[in-house]
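Source file: protein.txt. Holds: compact mmCIF, C-alpha atoms.
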```txt
# COMPACT_ATOMS: atom_id res chain seq x y z
CA MET A 208 0.00 0.00 0.00
CA PRO A 209 2.72 2.58 0.84
CA SER A 210 4.40 1.76 -2.44
CA PHE A 211 1.16 2.46 -4.34
CA LYS A 212 0.75 5.80 -2.53
CA ASN A 213 4.30 6.79 -3.37
CA LYS A 214 3.79 5.96 -7.03
CA ALA A 215 0.52 7.91 -7.12
CA ALA A 216 2.19 10.92 -5.50
CA PHE A 217 5.07 10.71 -7.96
CA ILE A 218 2.69 10.55 -10.95
CA THR A 219 0.64 13.49 -9.61
CA ALA A 220 3.76 15.60 -9.05
CA SER A 221 5.02 14.75 -12.53
CA LEU A 222 1.74 15.77 -14.12
CA ILE A 223 1.75 19.08 -12.22
CA LEU A 224 5.35 19.74 -13.27
CA LEU A 225 4.54 18.85 -16.88
CA GLN A 226 1.48 21.14 -16.83
CA ASN A 227 3.54 24.03 -15.43
CA THR A 228 6.23 23.40 -18.03
CA PHE A 229 3.71 23.62 -20.86
CA ALA A 230 2.15 26.70 -19.27
CA PHE A 231 5.56 28.36 -19.02
CA ALA A 232 6.44 27.49 -22.60
CA ALA A 233 3.14 28.76 -24.02
CA PRO A 234 3.54 31.93 -26.10
CA VAL A 235 2.35 35.20 -24.63
CA GLU A 236 -0.63 36.46 -26.63
CA LEU A 237 -0.63 40.25 -26.97
CA SER A 238 -3.02 42.76 -28.44
CA LEU A 239 -1.80 46.19 -29.50
CA GLU A 240 -3.35 47.77 -26.41
CA GLN A 241 -1.67 45.22 -24.12
CA SER A 242 1.69 45.80 -25.80
CA ILE A 243 1.40 49.55 -25.26
CA GLU A 244 0.37 49.03 -21.64
CA ILE A 245 3.38 46.78 -20.99
CA ALA A 246 5.74 49.26 -22.67
CA LEU A 247 4.40 52.18 -20.62
CA LYS A 248 4.89 50.14 -17.46
CA ASN A 249 8.33 48.67 -18.18
CA ASN A 250 10.24 50.93 -20.57
CA PRO A 251 12.94 52.92 -18.71
CA SER A 252 12.34 56.07 -20.80
CA ILE A 253 9.16 56.73 -18.81
CA GLN A 254 10.97 56.19 -15.52
CA ILE A 255 13.76 58.55 -16.63
CA ALA A 256 11.22 61.27 -17.44
CA ALA A 257 9.53 60.70 -14.07
CA GLU A 258 12.87 61.10 -12.29
CA ASP A 259 13.47 64.38 -14.13
CA LYS A 260 10.07 65.56 -12.90
CA SER A 261 10.95 64.55 -9.34
CA ARG A 262 14.21 66.48 -9.58
CA SER A 263 12.39 69.58 -10.80
CA VAL A 264 9.97 69.37 -7.86
CA TRP A 265 12.94 69.41 -5.49
CA GLY A 266 14.22 72.41 -7.42
CA VAL A 267 11.13 74.34 -6.32
CA ASP A 268 11.92 73.55 -2.68
CA GLU A 269 15.49 74.71 -3.26
CA ALA A 270 14.25 78.02 -4.69
CA LYS A 271 11.79 78.51 -1.83
CA ALA A 272 14.63 78.10 0.64
CA GLY A 273 15.85 81.54 -0.46
CA LYS A 274 12.96 83.11 1.46
CA MET A 275 13.86 81.36 4.71
CA PRO A 276 16.59 82.25 7.23
CA SER A 277 19.85 80.33 7.35
CA VAL A 278 21.61 79.35 10.58
CA SER A 279 25.27 78.42 10.93
CA LEU A 280 27.35 77.17 13.86
CA GLY A 281 31.07 77.89 14.11
CA SER A 282 33.79 76.81 16.53
CA SER A 283 37.47 77.62 16.85
CA TYR A 284 40.33 76.45 19.05
CA ASN A 285 43.66 78.29 19.46
CA TYR A 286 46.69 76.44 20.79
CA GLN A 287 49.35 78.66 22.39
CA GLY A 288 51.84 76.00 23.55
CA ASP A 289 50.73 76.42 27.13
CA SER A 290 47.46 74.82 28.09
CA SER A 291 46.63 77.67 30.45
CA ASN A 292 46.57 80.12 27.53
CA ASP A 293 44.62 77.96 25.05
CA SER A 294 41.29 79.38 23.96
CA PHE A 295 38.07 77.81 22.74
CA SER A 296 35.20 79.81 21.21
CA ASN A 297 31.81 79.14 19.61
CA ASN A 298 29.26 81.19 17.74
CA VAL A 299 25.83 80.86 16.16
CA ARG A 300 24.78 83.13 13.29
CA MET A 301 21.43 83.67 11.63
CA ASN A 302 20.93 85.50 8.33
CA TRP A 303 17.59 86.28 6.75
CA LYS A 304 17.19 88.14 3.48
CA LEU A 305 13.93 90.03 3.84
CA TYR A 306 13.86 91.63 0.41
CA ASP A 307 15.97 91.12 -2.69
CA GLY A 308 14.09 93.08 -5.34
CA GLY A 309 11.84 90.14 -6.25
CA GLN A 310 14.71 87.89 -7.32
CA THR A 311 13.78 84.94 -5.10
CA GLU A 312 10.10 85.08 -6.06
CA ALA A 313 11.02 85.07 -9.75
CA GLN A 314 13.37 82.12 -9.21
CA ILE A 315 10.58 80.22 -7.45
CA ASP A 316 8.25 80.93 -10.38
CA GLN A 317 10.93 79.71 -12.79
CA ALA A 318 11.34 76.51 -10.79
CA LYS A 319 7.57 75.91 -10.86
CA LEU A 320 7.59 76.40 -14.62
CA GLY A 321 10.39 73.82 -14.71
CA VAL A 322 8.05 71.34 -13.01
CA THR A 323 5.42 72.04 -15.67
CA THR A 324 8.01 71.41 -18.39
CA ALA A 325 9.04 68.14 -16.72
CA GLU A 326 5.40 67.02 -16.50
CA LEU A 327 4.98 67.72 -20.20
CA ASN A 328 8.16 65.73 -20.87
CA VAL A 329 6.55 62.73 -19.18
CA ILE A 330 3.56 63.10 -21.51
CA LYS A 331 5.90 63.42 -24.51
CA ALA A 332 7.82 60.31 -23.49
CA LYS A 333 4.59 58.32 -23.19
CA GLN A 334 3.31 59.48 -26.57
CA GLN A 335 6.62 58.66 -28.25
CA LEU A 336 6.75 55.25 -26.59
CA LYS A 337 3.18 54.52 -27.71
CA GLN A 338 4.13 55.34 -31.29
CA ASP A 339 7.31 53.24 -31.08
CA THR A 340 5.39 50.28 -29.66
CA THR A 341 2.64 50.60 -32.27
CA THR A 342 5.19 50.79 -35.08
CA GLY A 343 7.02 47.77 -33.65
CA TYR A 344 3.75 45.83 -33.33
CA TYR A 345 2.79 46.52 -36.94
CA ASN A 346 6.33 45.71 -38.04
CA VAL A 347 5.95 42.22 -36.55
CA LEU A 348 2.63 41.77 -38.35
CA GLU A 349 4.11 43.03 -41.62
CA THR A 350 7.12 40.72 -41.50
CA LYS A 351 4.89 37.81 -40.51
CA ASN A 352 2.72 38.46 -43.57
CA MET A 353 5.83 38.66 -45.72
CA VAL A 354 6.90 35.24 -44.45
CA THR A 355 3.50 33.92 -45.56
CA VAL A 356 3.83 35.57 -48.99
CA ASN A 357 7.27 34.04 -49.53
CA GLU A 358 6.15 30.63 -48.25
CA GLU A 359 3.33 30.67 -50.82
CA SER A 360 5.82 31.60 -53.52
CA VAL A 361 8.12 28.73 -52.56
CA ASN A 362 5.22 26.25 -52.48
CA ASN A 363 3.92 27.39 -55.88
CA LEU A 364 7.36 27.21 -57.49
CA GLN A 365 7.99 23.80 -55.90
CA SER A 366 4.71 22.48 -57.33
CA HIS A 367 5.57 23.97 -60.72
CA LEU A 368 9.04 22.40 -60.62
CA THR A 369 7.43 19.01 -60.02
CA ILE A 370 5.31 19.48 -63.16
CA VAL A 371 8.33 20.63 -65.21
CA GLN A 372 10.40 17.62 -64.08
CA ALA A 373 7.56 15.27 -65.05
CA LYS A 374 7.36 16.88 -68.51
CA TYR A 375 11.15 16.62 -68.85
CA GLU A 376 11.15 12.94 -67.92
CA ALA A 377 8.41 12.45 -70.51
CA GLY A 378 10.64 14.16 -73.07
CA VAL A 379 8.21 17.02 -73.63
CA VAL A 380 10.40 19.93 -72.46
CA ALA A 381 14.10 20.70 -72.50
CA LYS A 382 16.50 20.44 -69.56
CA SER A 383 16.83 24.24 -69.55
CA GLU A 384 13.24 24.59 -68.30
CA VAL A 385 14.05 22.38 -65.31
CA LEU A 386 17.18 24.37 -64.55
CA ARG A 387 15.32 27.69 -64.83
CA SER A 388 12.59 26.45 -62.50
CA GLU A 389 15.19 25.21 -59.98
CA VAL A 390 16.92 28.61 -60.04
CA GLU A 391 13.67 30.46 -59.43
CA LEU A 392 12.82 28.12 -56.56
CA ALA A 393 16.25 28.66 -55.00
CA ASN A 394 15.81 32.43 -55.27
CA ALA A 395 12.39 32.19 -53.63
CA GLU A 396 13.86 30.12 -50.80
CA GLN A 397 16.51 32.81 -50.28
CA ASN A 398 13.80 35.44 -50.04
CA LEU A 399 11.93 33.27 -47.54
CA ILE A 400 15.03 32.97 -45.35
CA LYS A 401 15.42 36.76 -45.40
CA ALA A 402 11.74 37.25 -44.56
CA GLN A 403 12.00 34.85 -41.61
CA ASN A 404 15.03 36.71 -40.31
CA GLN A 405 13.25 40.05 -40.64
CA TYR A 406 10.38 38.62 -38.61
CA GLU A 407 12.73 37.47 -35.84
CA LEU A 408 14.36 40.91 -35.77
CA ALA A 409 10.96 42.62 -35.60
CA VAL A 410 9.92 40.44 -32.65
CA SER A 411 13.21 41.17 -30.89
CA SER A 412 12.75 44.91 -31.42
CA LEU A 413 9.20 44.85 -30.05
CA LEU A 414 10.31 42.89 -26.98
CA ASN A 415 13.07 45.42 -26.42
CA THR A 416 10.58 48.30 -26.62
CA MET A 417 8.36 46.56 -24.06
CA ASN A 418 11.48 45.79 -21.96
CA MET A 419 10.64 42.08 -21.95
CA ASP A 420 13.10 39.20 -21.98
CA ALA A 421 14.54 38.61 -25.45
CA GLY A 422 13.69 34.92 -25.28
CA THR A 423 9.99 35.48 -24.66
CA GLU A 424 7.77 33.83 -27.27
CA ILE A 425 4.91 36.09 -28.26
CA GLN A 426 1.86 35.70 -30.44
CA LEU A 427 0.14 38.87 -31.64
CA ALA A 428 -3.63 38.87 -31.50
CA GLY A 429 -4.06 41.71 -33.99
CA GLU A 430 -4.01 41.73 -37.77
CA LEU A 431 -2.59 44.11 -40.33
CA LYS A 432 -5.85 45.43 -41.72
CA TYR A 433 -7.49 48.57 -43.07
CA GLU A 434 -9.79 50.68 -40.90
CA ALA A 435 -10.91 53.97 -42.44
CA ASP A 436 -9.80 57.19 -40.76
CA THR A 437 -12.34 60.02 -41.13
CA ARG A 438 -10.21 62.84 -39.69
CA THR A 439 -9.63 65.85 -41.92
CA LEU A 440 -6.34 67.73 -42.20
CA PRO A 441 -7.69 71.04 -40.77
CA ASP A 442 -9.19 69.19 -37.80
CA ALA A 443 -5.93 67.34 -37.19
CA ILE A 444 -3.90 70.58 -37.25
CA SER A 445 -6.37 72.23 -34.87
CA LEU A 446 -6.15 69.30 -32.42
CA ALA A 447 -2.36 69.37 -32.55
CA LYS A 448 -2.27 73.06 -31.61
CA GLN A 449 -4.50 72.30 -28.62
CA ASN A 450 -2.92 69.06 -27.42
CA ARG A 451 0.75 68.82 -28.33
CA PRO A 452 2.95 69.07 -25.20
CA GLU A 453 5.72 70.70 -27.25
CA ILE A 454 3.50 73.74 -27.89
CA ALA A 455 2.68 73.99 -24.20
CA GLN A 456 6.38 73.67 -23.38
CA ALA A 457 7.22 76.47 -25.80
CA LYS A 458 4.74 78.74 -24.00
CA VAL A 459 6.29 77.76 -20.65
CA SER A 460 9.72 78.63 -22.02
CA VAL A 461 8.45 82.10 -22.94
CA ASP A 462 7.08 82.58 -19.41
CA SER A 463 10.33 81.35 -17.88
CA ALA A 464 12.35 83.75 -20.04
CA ALA A 465 10.10 86.60 -18.87
CA LYS A 466 10.90 85.63 -15.26
CA GLY A 467 14.57 85.79 -16.22
CA ILE A 468 14.14 89.50 -17.02
CA LYS A 469 12.71 90.08 -13.53
CA ILE A 470 15.66 88.27 -12.00
CA ALA A 471 18.08 90.46 -13.92
CA GLU A 472 16.16 93.63 -13.04
CA SER A 473 16.23 92.75 -9.33
CA ASN A 474 19.88 93.87 -9.24
CA LYS A 475 18.65 97.45 -9.79
CA LEU A 476 16.65 97.35 -6.53
CA PRO A 477 17.85 97.43 -2.91
CA SER A 478 18.15 94.34 -0.74
CA VAL A 479 17.34 94.15 2.97
CA SER A 480 18.65 91.52 5.38
CA MET A 481 18.41 90.78 9.06
CA SER A 482 21.06 89.00 11.08
CA ALA A 483 21.53 87.75 14.62
CA SER A 484 24.47 86.12 16.36
CA THR A 485 25.72 84.96 19.72
CA GLY A 486 29.05 83.60 20.94
CA TRP A 487 30.70 82.14 24.01
CA ASP A 488 34.17 81.05 25.08
CA ASP A 489 35.80 78.11 26.86
CA SER A 490 32.77 75.80 26.88
CA LEU A 491 31.05 73.50 24.45
CA LEU A 492 27.52 74.70 25.32
CA PRO A 493 26.32 78.27 25.85
CA ASN A 494 26.73 79.71 29.35
CA ASP A 495 25.83 82.93 31.08
CA ASP A 496 28.92 84.62 29.76
CA HIS A 497 27.86 85.20 26.15
CA ASN A 498 26.54 88.11 24.13
CA TRP A 499 23.71 88.48 21.64
CA SER A 500 23.59 90.83 18.71
CA VAL A 501 20.74 91.53 16.30
CA GLY A 502 20.94 93.80 13.31
CA ALA A 503 19.47 94.74 9.97
CA SER A 504 21.25 95.89 6.85
CA ALA A 505 20.28 97.31 3.50
CA SER A 506 22.32 97.66 0.35
CA TRP A 507 21.70 99.24 -3.02
CA ASN A 508 24.08 98.81 -5.87
CA ILE A 509 23.74 102.18 -7.60
CA PHE A 510 26.56 101.61 -10.10
CA ASP A 511 28.03 98.34 -11.39
CA ALA A 512 29.68 99.50 -14.63
CA GLY A 513 26.77 98.27 -16.74
CA VAL A 514 26.71 94.65 -15.49
CA THR A 515 23.01 94.75 -14.58
CA LYS A 516 22.08 96.39 -17.87
CA SER A 517 23.98 93.69 -19.77
CA LYS A 518 22.16 90.96 -17.84
CA ILE A 519 18.80 92.58 -18.60
CA ASN A 520 19.65 92.80 -22.29
CA GLN A 521 20.70 89.14 -22.29
CA ALA A 522 17.43 88.17 -20.59
CA GLU A 523 15.40 90.17 -23.11
CA SER A 524 17.29 88.48 -25.95
CA SER A 525 16.48 85.08 -24.38
CA LEU A 526 12.81 86.06 -24.27
CA ASN A 527 12.81 87.04 -27.95
CA LYS A 528 14.53 83.74 -28.77
CA ALA A 529 11.92 81.77 -26.79
CA LYS A 530 9.11 83.51 -28.69
CA LEU A 531 10.72 82.71 -32.04
CA GLN A 532 11.26 79.10 -30.99
CA ALA A 533 7.59 78.87 -29.97
CA GLU A 534 6.56 79.97 -33.47
CA GLN A 535 9.03 77.54 -35.02
CA THR A 536 7.72 74.70 -32.86
CA GLN A 537 4.16 75.36 -33.98
CA ASP A 538 5.21 75.41 -37.64
CA THR A 539 7.18 72.17 -37.22
CA ILE A 540 4.25 70.41 -35.56
CA GLU A 541 1.87 71.57 -38.28
CA GLN A 542 4.23 70.15 -40.89
CA GLU A 543 4.49 66.89 -38.94
CA VAL A 544 0.70 66.58 -38.90
CA ARG A 545 0.50 67.37 -42.60
CA GLN A 546 3.17 64.80 -43.47
CA SER A 547 1.59 62.00 -41.42
CA TYR A 548 -1.86 62.76 -42.82
CA LEU A 549 -0.76 62.87 -46.47
CA ASN A 550 1.35 59.71 -46.09
CA MET A 551 -1.66 57.94 -44.58
CA LYS A 552 -3.89 59.03 -47.45
CA GLU A 553 -1.26 57.99 -50.00
CA ALA A 554 -1.06 54.50 -48.46
CA GLU A 555 -4.88 54.35 -48.47
CA LYS A 556 -4.92 54.96 -52.24
CA ARG A 557 -2.19 52.38 -52.78
CA LEU A 558 -4.27 49.83 -50.87
CA LYS A 559 -7.05 50.03 -53.44
CA THR A 560 -4.74 49.54 -56.42
CA THR A 561 -2.69 46.77 -54.78
CA ASP A 562 -5.85 44.87 -53.86
CA VAL A 563 -6.91 44.89 -57.51
CA ALA A 564 -3.38 43.92 -58.58
CA VAL A 565 -3.34 40.89 -56.26
CA ASN A 566 -6.65 39.60 -57.65
CA LYS A 567 -5.50 40.01 -61.23
CA ALA A 568 -2.10 38.45 -60.49
CA ASN A 569 -3.78 35.42 -58.91
CA GLU A 570 -5.94 34.98 -62.00
CA ASP A 571 -2.96 35.44 -64.30
CA LEU A 572 -0.96 32.79 -62.44
CA TYR A 573 -3.85 30.32 -62.58
CA ILE A 574 -4.18 30.81 -66.35
CA ALA A 575 -0.42 30.46 -66.88
CA GLN A 576 -0.30 27.25 -64.83
CA GLU A 577 -3.26 25.68 -66.59
CA THR A 578 -2.06 26.57 -70.08
CA TYR A 579 1.39 25.19 -69.25
CA LYS A 580 -0.12 21.93 -68.03
CA ALA A 581 -2.07 21.74 -71.30
CA GLY A 582 1.15 22.23 -73.26
CA VAL A 583 0.08 25.60 -74.69
CA GLY A 584 1.86 28.05 -72.40
CA THR A 585 5.54 28.36 -71.61
CA ASN A 586 7.60 27.87 -68.48
CA LEU A 587 8.56 31.55 -68.57
CA ASP A 588 4.89 32.55 -68.48
CA VAL A 589 4.38 30.67 -65.19
CA ILE A 590 7.57 32.04 -63.62
CA ASP A 591 6.74 35.62 -64.64
CA ALA A 592 3.19 35.25 -63.34
CA GLN A 593 4.48 33.93 -60.00
CA LEU A 594 6.95 36.78 -59.65
CA ALA A 595 4.21 39.28 -60.48
CA LEU A 596 1.91 37.75 -57.84
CA THR A 597 4.64 37.84 -55.19
CA GLN A 598 5.35 41.48 -56.00
CA ALA A 599 1.66 42.39 -55.92
CA LYS A 600 1.19 40.75 -52.51
CA THR A 601 4.37 42.42 -51.23
CA ASN A 602 3.08 45.81 -52.36
CA HIS A 603 -0.26 45.15 -50.67
CA VAL A 604 1.34 44.20 -47.36
CA GLN A 605 3.62 47.24 -47.55
CA ALA A 606 0.65 49.54 -48.21
CA LEU A 607 -1.22 48.07 -45.23
CA TYR A 608 1.82 48.60 -43.02
CA ASP A 609 2.37 52.16 -44.25
CA TYR A 610 -1.29 53.05 -43.71
CA ASN A 611 -1.40 51.79 -40.13
CA VAL A 612 1.99 53.23 -39.17
CA ASN A 613 1.18 56.66 -40.57
CA LYS A 614 -2.19 56.53 -38.85
CA ALA A 615 -0.33 55.95 -35.57
CA SER A 616 2.04 58.79 -36.46
CA LEU A 617 -0.96 61.05 -36.96
CA ASP A 618 -2.24 60.07 -33.51
CA LYS A 619 1.07 61.16 -32.04
CA ALA A 620 1.23 64.29 -34.20
CA ILE A 621 -2.11 65.58 -32.91
CA GLY A 622 -1.10 64.86 -29.30
CA LEU A 623 -3.40 61.92 -28.62
CA GLN A 624 -2.94 60.69 -25.04
CA ALA A 625 -0.94 57.51 -24.62
CA GLU A 626 -3.24 55.91 -22.07
```
As structure tokens, how would this structure be written, given the file I've shared?
Amino acid sequence: MPSFKNKAAFITASLILLQNTFAFAAPVELSLEQSIEIALKNNPSIQIAAEDKSRSVWGVDEAKAGKMPSVSLGSSYNYQGDSSNDSFSNNVRMNWKLYDGGQTEAQIDQAKLGVTTAELNVIKAKQQLKQDTTTGYYNVLETKNMVTVNEESVNNLQSHLTIVQAKYEAGVVAKSEVLRSEVELANAEQNLIKAQNQYELAVSSLLNTMNMDAGTEIQLAGELKYEADTRTLPDAISLAKQNRPEIAQAKVSVDSAAKGIKIAESNKLPSVSMSASTGWDDSLLPNDDHNWSVGASASWNIFDAGVTKSKINQAESSLNKAKLQAEQTQDTIEQEVRQSYLNMKEAEKRLKTTDVAVNKANEDLYIAQETYKAGVGTNLDVIDAQLALTQAKTNHVQALYDYNVNKASLDKAIGLQAE
């Protein structure tokens, strides 16, 4: 009985282990939305942008510290060679700048604008990563379809070679037709090998974008297909001007440059500070024998040989530059929208013509094959028809890929949110 129980336990454990092994080896099925979600969660570019935002938040605290007092502790010890004459002294000092012509307030405002810029950078990073993931996803689908196209070409040429060899053995055709068919088959096999390699590279690139292990086996749930896009170019440009983080960042840069002028102008105004200090001798901690002093001071730099004026002019030049860059950014984004939109529409037109070409090429190949079997057509007719069909299918797959990728580029160009 114990032996039977041990065997049953061993069989059960083996089945569980085998089930887990199969579960582990099963490919990960991913939709486009799931791929984007994984990329947004795992890709370090988002984490880097988040760290930059965190650093800018701390920059605001650093700027605010300029409005608070600072306290310092100092100690000194003098050795005279005779312990009875050695001296030991301590002091505590407090400084508080009460007014600095608005410099600190402007620096705080600049730091807050830096946080806004960093937040927009996080949005930019997410939008770019979404586009990269989408492009990578469609690239896998495209290369997978190209593998299928080349496999069909190899199979068709292999079947045709079998027919040519049978005709040659029957003494109906010359040896040259066999050789030509073998060459075309070999070329098709080479193209298939290249297509398979391109597929493996596309999968590797997508896994890298999602920051997943390179050995992960994935199976994409989506298809490379056509879905009409009804957006118009004027609407797309209008949305881009409202949504693109780069435009918002350009406006923030203008505001920050304006704060820079205030910082430079603060040197023309007086500054007021308050200070307090106390000191004591010959003891580590304060005792009754120590003095306090409290004071206030004001300073006004009435002449600095034109340094302040130069800084103001530099700040004004920076403001003018920021305004020009804001205009340039808007023009660049409008061109980006236009390019993505027109490329999408071009691919849409190509889809219609390539679809017709594939149908006609299929029919042409069927006719060429049947006439060759009947002894009416030539070997060259079949080979040419097969090459034409492969090219037509390749063009169709490429048009599908271009349409979907440029559609994704348009999403990014108008500032569509990544989530």
Judged by all atoms listed in the file, the minimum distance to A:Ile245 among A:Asn363, A:Asn418, A:Ala483, A:Asp259 is found for A:Asn418
| message | Between A:Leu336, A:Val461, A:Leu558, A:Ala393, which residue has the minimum interatomic distance to A:Gln317, considering all atoms listed in the file? | response |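 For A:Gln317, the nearest of the candidates is A:Val461.
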| message | Between atom CA of A:His603 and atom CA of A:Val563, what distance in Å does the model show, to one decimal? | response |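 Pair atom CA of A:His603 / atom CA of A:Val563 returns 9.5 Å.
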Figure out the distance between atom CA of A:Lys274 and atom CA of A:Asp511, please, to one decimal in Å.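 Taking atom CA of A:Asp511 and atom CA of A:Lys274, their separation equals 25.0 Å.
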Would you mind listing, for every residue of stretch 395-495 of chain A within 9 Å of stretch 543-549 of chain A, the two atoms forming the shortest contact and the distance between them in Å to one decimal, using only C-alpha atoms, sorted by chain and ascending residue number, as a tab-separated table?
```
residue	atom	partner	partner_atom	distance
A:Arg438	CA	A:Tyr548	CA	8.9
A:Thr439	CA	A:Tyr548	CA	8.4
A:Leu440	CA	A:Tyr548	CA	6.7
A:Ala443	CA	A:Val544	CA	6.9
A:Ile444	CA	A:Val544	CA	6.3
A:Ala447	CA	A:Val544	CA	7.6
```
Spatial sel., origin (12.5, 39.1, -32.6), limit 12 Å, all atoms listed in the file, listed as a PyMOL selection string: chain A and resi 343-344+346-348+350-351+403-416+419-426
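Remark: for A:Glu434, the closest of the candidate residues A:Asp488, A:Glu555, A:Glu389, A:Glu534 is A:Glu555 (distances computed over all atoms listed in the file).
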One residue among A:Ile468, A:Ala246, A:Val267, A:Leu572 is nearest to A:Asn586 when using all atoms listed in the file, and that residue is A:Leu572
Using only C-alpha atoms, give me every residue within 9 Å of (9.5, 70.8, -18.7) in file coordinates, as a PyMOL selection string.
chain A and resi 259-260+263+320-329+456+459-460
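Picture a line from atom CA of A:Tyr345 to atom CA of A:Val361; it runs 24.3 Å.
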Distance query A:Leu596 at most 7 Å, all atoms listed in the file, self and fewer than 6 positions along chain excluded, as a compact mmCIF listing (two decimals) with C-alpha atoms, in the frame of the given file:
```txt
# COMPACT_ATOMS: atom_id res chain seq x y z
CA VAL A 565 -3.34 40.89 -56.26
CA ALA A 568 -2.10 38.45 -60.49
CA ASN A 569 -3.78 35.42 -58.91
```
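Proximity ranking of A:Met551, A:Val604, A:Thr585, A:Leu623 relative to A:Arg387 places A:Thr585 first, based on all atoms listed in the file.
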- Message: Need to verify the contact set: stretch 364-378 of chain A, 9 Å, all atoms listed in the file, exclusion of same-chain residues closer than 6 positions in sequence. Can you return it as a PyMOL selection string?
- Response: chain A and resi 384-385+388-389+391-392+395+576+580+586+589-590+593
Would you mind telling me which residue in A:Leu476, A:Ala464, A:Met481, A:Ile255 lies nearest to A:Gln521 when using all atoms listed in the file?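 So, comparing all the options, the nearest one is A:Ala464.
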- Query: Can you list, as a list in words, every protein, DNA or RNA residue that comes within 8 Å of A:Lys466 when you count only C-alpha atoms, leaving out same-chain residues fewer than 5 positions away?
  - Reply: Ala313, Gln314, Asp316 and Gln317 of chain A
How about saving the chosen residues, C-alpha atoms kept, as a PDB file, in the frame of the given file?
```
ATOM      1  CA  ALA A 313      11.020  85.070  -9.750  1.00  0.00           C
ATOM      2  CA  GLN A 314      13.370  82.120  -9.210  1.00  0.00           C
ATOM      3  CA  ASP A 316       8.250  80.930 -10.380  1.00  0.00           C
ATOM      4  CA  GLN A 317      10.930  79.710 -12.790  1.00  0.00           C
TER       5      GLN A 317
END
```
- [ ] Do a neighbour search on A:Asp268 at 12 Å with only C-alpha atoms, toss out local chain neighbours closer than 2 positions, and write the hits as a PyMOL selection string.
- [x] chain A and resi 261-266+270-275+311+314-319+322
